[in-house]
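This is input38.pdb (PDB, C-alpha atoms, pLDDT in the B column).
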ATOM      1  CA  VAL W   1    -159.243   3.457 179.953  1.00 92.00           C
ATOM      2  CA  GLN W   2    -158.379   3.124 176.287  1.00 95.00           C
ATOM      3  CA  LEU W   3    -157.109   0.127 174.378  1.00 97.00           C
ATOM      4  CA  GLN W   4    -155.737   0.633 170.876  1.00 97.00           C
ATOM      5  CA  ALA W   5    -155.203  -2.532 168.883  1.00 97.00           C
ATOM      6  CA  SER W   6    -153.160  -2.796 165.709  1.00 97.00           C
ATOM      7  CA  GLY W   7    -151.236  -5.253 163.585  1.00 98.00           C
ATOM      8  CA  GLY W   8    -153.948  -7.106 161.731  1.00 98.00           C
ATOM      9  CA  GLY W   9    -153.865  -7.692 158.021  1.00 98.00           C
ATOM     10  CA  LEU W  10    -153.930 -10.203 155.206  1.00 98.00           C
ATOM     11  CA  VAL W  11    -151.508 -13.097 155.400  1.00 98.00           C
ATOM     12  CA  GLN W  12    -151.129 -16.392 153.601  1.00 98.00           C
ATOM     13  CA  ALA W  13    -151.685 -19.656 155.412  1.00 98.00           C
ATOM     14  CA  GLY W  14    -148.562 -20.622 157.295  1.00 98.00           C
ATOM     15  CA  GLY W  15    -147.555 -17.019 157.797  1.00 98.00           C
ATOM     16  CA  SER W  16    -147.181 -14.892 160.908  1.00 98.00           C
ATOM     17  CA  LEU W  17    -148.537 -11.673 162.337  1.00 98.00           C
ATOM     18  CA  ARG W  18    -147.990  -9.803 165.575  1.00 98.00           C
ATOM     19  CA  LEU W  19    -150.844  -7.904 167.133  1.00 98.00           C
ATOM     20  CA  SER W  20    -150.274  -5.046 169.544  1.00 98.00           C
ATOM     21  CA  CYS W  21    -152.605  -3.379 172.022  1.00 98.00           C
ATOM     22  CA  LYS W  22    -151.538  -0.100 173.587  1.00 97.00           C
ATOM     23  CA  ALA W  23    -153.254   0.568 176.884  1.00 96.00           C
ATOM     24  CA  SER W  24    -153.773   3.861 178.640  1.00 94.00           C
ATOM     25  CA  GLY W  25    -155.473   4.641 181.916  1.00 91.00           C
ATOM     26  CA  ILE W  26    -154.565   1.367 183.595  1.00 88.00           C
ATOM     27  CA  ASN W  27    -151.742   0.011 185.677  1.00 88.00           C
ATOM     28  CA  ALA W  28    -150.653  -2.701 183.257  1.00 82.00           C
ATOM     29  CA  ALA W  29    -148.438  -4.353 185.860  1.00 85.00           C
ATOM     30  CA  ILE W  30    -151.433  -5.458 187.943  1.00 87.00           C
ATOM     31  CA  THR W  31    -154.108  -5.800 185.268  1.00 92.00           C
ATOM     32  CA  PRO W  32    -154.674  -9.110 183.536  1.00 95.00           C
ATOM     33  CA  MET W  33    -155.265  -8.738 179.822  1.00 97.00           C
ATOM     34  CA  GLY W  34    -156.352 -10.940 176.989  1.00 98.00           C
ATOM     35  CA  TRP W  35    -157.020 -11.352 173.314  1.00 98.00           C
ATOM     36  CA  TYR W  36    -160.402 -12.430 172.011  1.00 98.00           C
ATOM     37  CA  ARG W  37    -161.524 -13.054 168.473  1.00 98.00           C
ATOM     38  CA  GLN W  38    -164.788 -13.177 166.618  1.00 98.00           C
ATOM     39  CA  ALA W  39    -165.111 -14.939 163.308  1.00 97.00           C
ATOM     40  CA  PRO W  40    -168.045 -14.255 160.965  1.00 92.00           C
ATOM     41  CA  GLY W  41    -171.191 -15.910 162.278  1.00 95.00           C
ATOM     42  CA  LYS W  42    -169.519 -17.068 165.483  1.00 97.00           C
ATOM     43  CA  GLN W  43    -169.431 -15.912 169.070  1.00 97.00           C
ATOM     44  CA  ARG W  44    -166.498 -14.011 170.452  1.00 97.00           C
ATOM     45  CA  GLU W  45    -164.021 -16.391 172.049  1.00 98.00           C
ATOM     46  CA  LEU W  46    -161.050 -16.006 174.362  1.00 98.00           C
ATOM     47  CA  VAL W  47    -157.842 -16.777 172.497  1.00 98.00           C
ATOM     48  CA  ALA W  48    -155.198 -16.072 175.130  1.00 98.00           C
ATOM     49  CA  SER W  49    -154.784 -14.233 178.406  1.00 98.00           C
ATOM     50  CA  ILE W  50    -151.976 -13.166 180.669  1.00 97.00           C
ATOM     51  CA  THR W  51    -151.770 -12.132 184.297  1.00 95.00           C
ATOM     52  CA  GLY W  52    -150.786  -8.634 185.335  1.00 91.00           C
ATOM     53  CA  GLY W  53    -147.210  -9.558 186.078  1.00 89.00           C
ATOM     54  CA  GLY W  54    -146.992 -11.767 183.025  1.00 86.00           C
ATOM     55  CA  GLY W  55    -146.108 -14.876 184.947  1.00 90.00           C
ATOM     56  CA  SER W  56    -149.070 -16.967 183.901  1.00 96.00           C
ATOM     57  CA  THR W  57    -150.741 -17.408 180.547  1.00 98.00           C
ATOM     58  CA  TYR W  58    -153.721 -19.224 179.095  1.00 98.00           C
ATOM     59  CA  TYR W  59    -154.347 -20.355 175.509  1.00 98.00           C
ATOM     60  CA  THR W  60    -157.354 -21.897 173.931  1.00 98.00           C
ATOM     61  CA  ASP W  61    -156.557 -25.339 172.571  1.00 98.00           C
ATOM     62  CA  SER W  62    -156.703 -24.377 168.910  1.00 98.00           C
ATOM     63  CA  VAL W  63    -153.812 -21.901 169.202  1.00 98.00           C
ATOM     64  CA  LYS W  64    -151.525 -23.698 171.646  1.00 98.00           C
ATOM     65  CA  GLY W  65    -148.026 -23.982 170.263  1.00 98.00           C
ATOM     66  CA  ARG W  66    -148.717 -21.379 167.564  1.00 98.00           C
ATOM     67  CA  PHE W  67    -149.629 -18.180 169.412  1.00 98.00           C
ATOM     68  CA  THR W  68    -147.716 -16.415 172.163  1.00 98.00           C
ATOM     69  CA  ILE W  69    -149.162 -13.701 174.380  1.00 98.00           C
ATOM     70  CA  SER W  70    -146.875 -11.253 176.145  1.00 97.00           C
ATOM     71  CA  LYS W  71    -146.968  -7.801 177.634  1.00 96.00           C
ATOM     72  CA  ASP W  72    -144.538  -4.971 178.177  1.00 95.00           C
ATOM     73  CA  ASN W  73    -145.708  -3.285 181.352  1.00 91.00           C
ATOM     74  CA  ILE W  74    -143.381  -0.315 180.910  1.00 92.00           C
ATOM     75  CA  ARG W  75    -144.808   0.413 177.473  1.00 94.00           C
ATOM     76  CA  ARG W  76    -148.284  -0.714 178.624  1.00 94.00           C
ATOM     77  CA  THR W  77    -148.552  -2.813 175.520  1.00 96.00           C
ATOM     78  CA  LEU W  78    -150.023  -6.255 175.057  1.00 97.00           C
ATOM     79  CA  TYR W  79    -148.837  -8.470 172.197  1.00 98.00           C
ATOM     80  CA  LEU W  80    -150.029 -11.570 170.413  1.00 98.00           C
ATOM     81  CA  GLN W  81    -147.481 -13.295 168.217  1.00 98.00           C
ATOM     82  CA  MET W  82    -149.329 -15.555 165.805  1.00 98.00           C
ATOM     83  CA  ASN W  83    -147.425 -18.170 163.824  1.00 98.00           C
ATOM     84  CA  SER W  84    -148.516 -20.944 161.472  1.00 98.00           C
ATOM     85  CA  LEU W  85    -151.739 -19.135 160.744  1.00 98.00           C
ATOM     86  CA  ASN W  86    -154.545 -20.998 159.047  1.00 98.00           C
ATOM     87  CA  ALA W  87    -157.920 -20.062 157.601  1.00 96.00           C
ATOM     88  CA  GLU W  88    -159.662 -20.856 160.885  1.00 97.00           C
ATOM     89  CA  ASP W  89    -157.749 -17.994 162.505  1.00 98.00           C
ATOM     90  CA  THR W  90    -159.520 -15.464 160.296  1.00 98.00           C
ATOM     91  CA  ALA W  91    -161.411 -13.137 162.623  1.00 98.00           C
ATOM     92  CA  VAL W  92    -161.543  -9.730 164.199  1.00 98.00           C
ATOM     93  CA  TYR W  93    -159.211  -9.757 167.176  1.00 98.00           C
ATOM     94  CA  TYR W  94    -159.958  -7.676 170.256  1.00 98.00           C
ATOM     95  CA  CYS W  95    -157.791  -6.903 173.253  1.00 98.00           C
ATOM     96  CA  ASN W  96    -159.466  -6.885 176.629  1.00 97.00           C
ATOM     97  CA  ALA W  97    -158.713  -5.620 180.108  1.00 96.00           C
ATOM     98  CA  PRO W  98    -161.055  -6.398 182.981  1.00 94.00           C
ATOM     99  CA  LEU W  99    -160.903  -3.669 185.592  1.00 91.00           C
ATOM    100  CA  ARG W 100    -163.057  -3.241 188.691  1.00 90.00           C
ATOM    101  CA  GLY W 101    -165.801  -5.437 187.300  1.00 91.00           C
ATOM    102  CA  THR W 102    -165.880  -3.778 183.895  1.00 94.00           C
ATOM    103  CA  ASP W 103    -164.544  -5.219 180.660  1.00 95.00           C
ATOM    104  CA  PHE W 104    -162.698  -2.711 178.507  1.00 96.00           C
ATOM    105  CA  TRP W 105    -162.208  -3.506 174.823  1.00 97.00           C
ATOM    106  CA  GLY W 106    -160.021  -2.317 172.022  1.00 95.00           C
ATOM    107  CA  GLN W 107    -161.594  -1.473 168.699  1.00 95.00           C
ATOM    108  CA  GLY W 108    -160.653  -4.729 167.013  1.00 95.00           C
ATOM    109  CA  THR W 109    -158.176  -5.523 164.292  1.00 98.00           C
ATOM    110  CA  LEU W 110    -159.010  -7.783 161.360  1.00 98.00           C
ATOM    111  CA  VAL W 111    -156.855 -10.792 160.598  1.00 98.00           C
ATOM    112  CA  THR W 112    -157.514 -12.514 157.289  1.00 98.00           C
ATOM    113  CA  VAL W 113    -155.687 -15.715 156.418  1.00 98.00           C
ATOM    114  CA  SER W 114    -155.821 -16.780 152.798  1.00 97.00           C
ATOM    115  CA  SER W 115    -155.490 -20.453 151.959  1.00 88.00           C
TER     116      SER W 115
END
Encoded form using structure tokens:
Amino acid sequence: VQLQASGGGLVQAGGSLRLSCKASGINAAITPMGWYRQAPGKQRELVASITGGGGSTYYTDSVKGRFTISKDNIRRTLYLQMNSLNAEDTAVYYCNAPLRGTDFWGQGTLVTVSS
């Protein structure tokens, strides 16, 4: 299993970014996936998750209404559309896929929001 995240960068407050996570070695259609983030000096937290079929999603309160998680099971790619970014969103973002009791992680992509 490999997860390759991309799409991070530097953006001004109020701007948008879209993160992508290309998965290989998994059946994306039946595997729930999620995005986590870790800000400097803080623990890694779950930002958003989506079921295998994409029919159900979860968002942490701080990103509700601003972030949208989605997945393209044909392309085996997970997305995180992030709008109205603020300084508190600055973090390294990781994609995650739990499979058979093991958590698989992407390498992380840095999002920096300048105020």
Nearest to Thr68 in chain W, chosen from W:Ile30, W:Leu46, W:Ala91, W:Leu19, with all atoms listed in the file counted in the distances:
W:Leu19
For the PyMOL selection byres ((chain W and resi 5) around 7), applied here, can you spell out every residue it catches as a ChimeraX atom specification?
/W:3-4,6,20-22,95,106-109
Output of the PyMOL selection byres ((chain W and resi 25) around 7), listed as a PyMOL selection string
chain W and resi 1-2+23-24+26
Residue neighbourhood Gly34 in chain W, 9 Å, all atoms listed in the file, exclusion window fewer than 2 positions, as an MDAnalysis selection string
chainID W and resid 32 36 46:51 58 69 78 94:98
Distance of CA of Asn83 in chain W from CA of Ala13 in chain W, expressed in Å to one decimal place:
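Computing the Euclidean distance for CA of Ala13 in chain W and CA of Asn83 in chain W yields 9.5 Å.
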Residues within 8 Å of Gln12 in chain W, please, as a count of residues only. Count all atoms listed in the file; anything in the same chain fewer than 2 positions from it doesn't count.
8
Can you tell me, as a list in words, what residues are no more than 9 Å from Thr90 in chain W when counting only C-alpha atoms, ignoring any on the same chain fewer than 5 positions away?
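Contacts, with the query itself left out: Arg37, Gln38, Ala39, Pro40, Leu85, Leu110, Val111, Thr112, Val113 and Ser114 of chain W.
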Would you compute the box with edges along x, y and z of the file around range 6-20 of chain W, including every atom the file lists for it and 6 Å extra on each side, and give its centre and edge lengths in Å to one decimal, as JSON?
{"center_x": -150.6, "center_y": -11.7, "center_z": 161.6, "size_x": 18.8, "size_y": 29.8, "size_z": 27.9}
When you count all atoms listed in the file, which of these residues is closest to Met33 in chain W: W:Thr60, W:Arg76, W:Gln81, W:Arg18?
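Distance minimum relative to Met33 in chain W lands on W:Arg76.
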Please, what distance in Å, to one decimal, runs between CA of Asn27 in chain W and CA of Ile74 in chain W?
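Rounded to one decimal, the two atoms are 9.6 Å apart.
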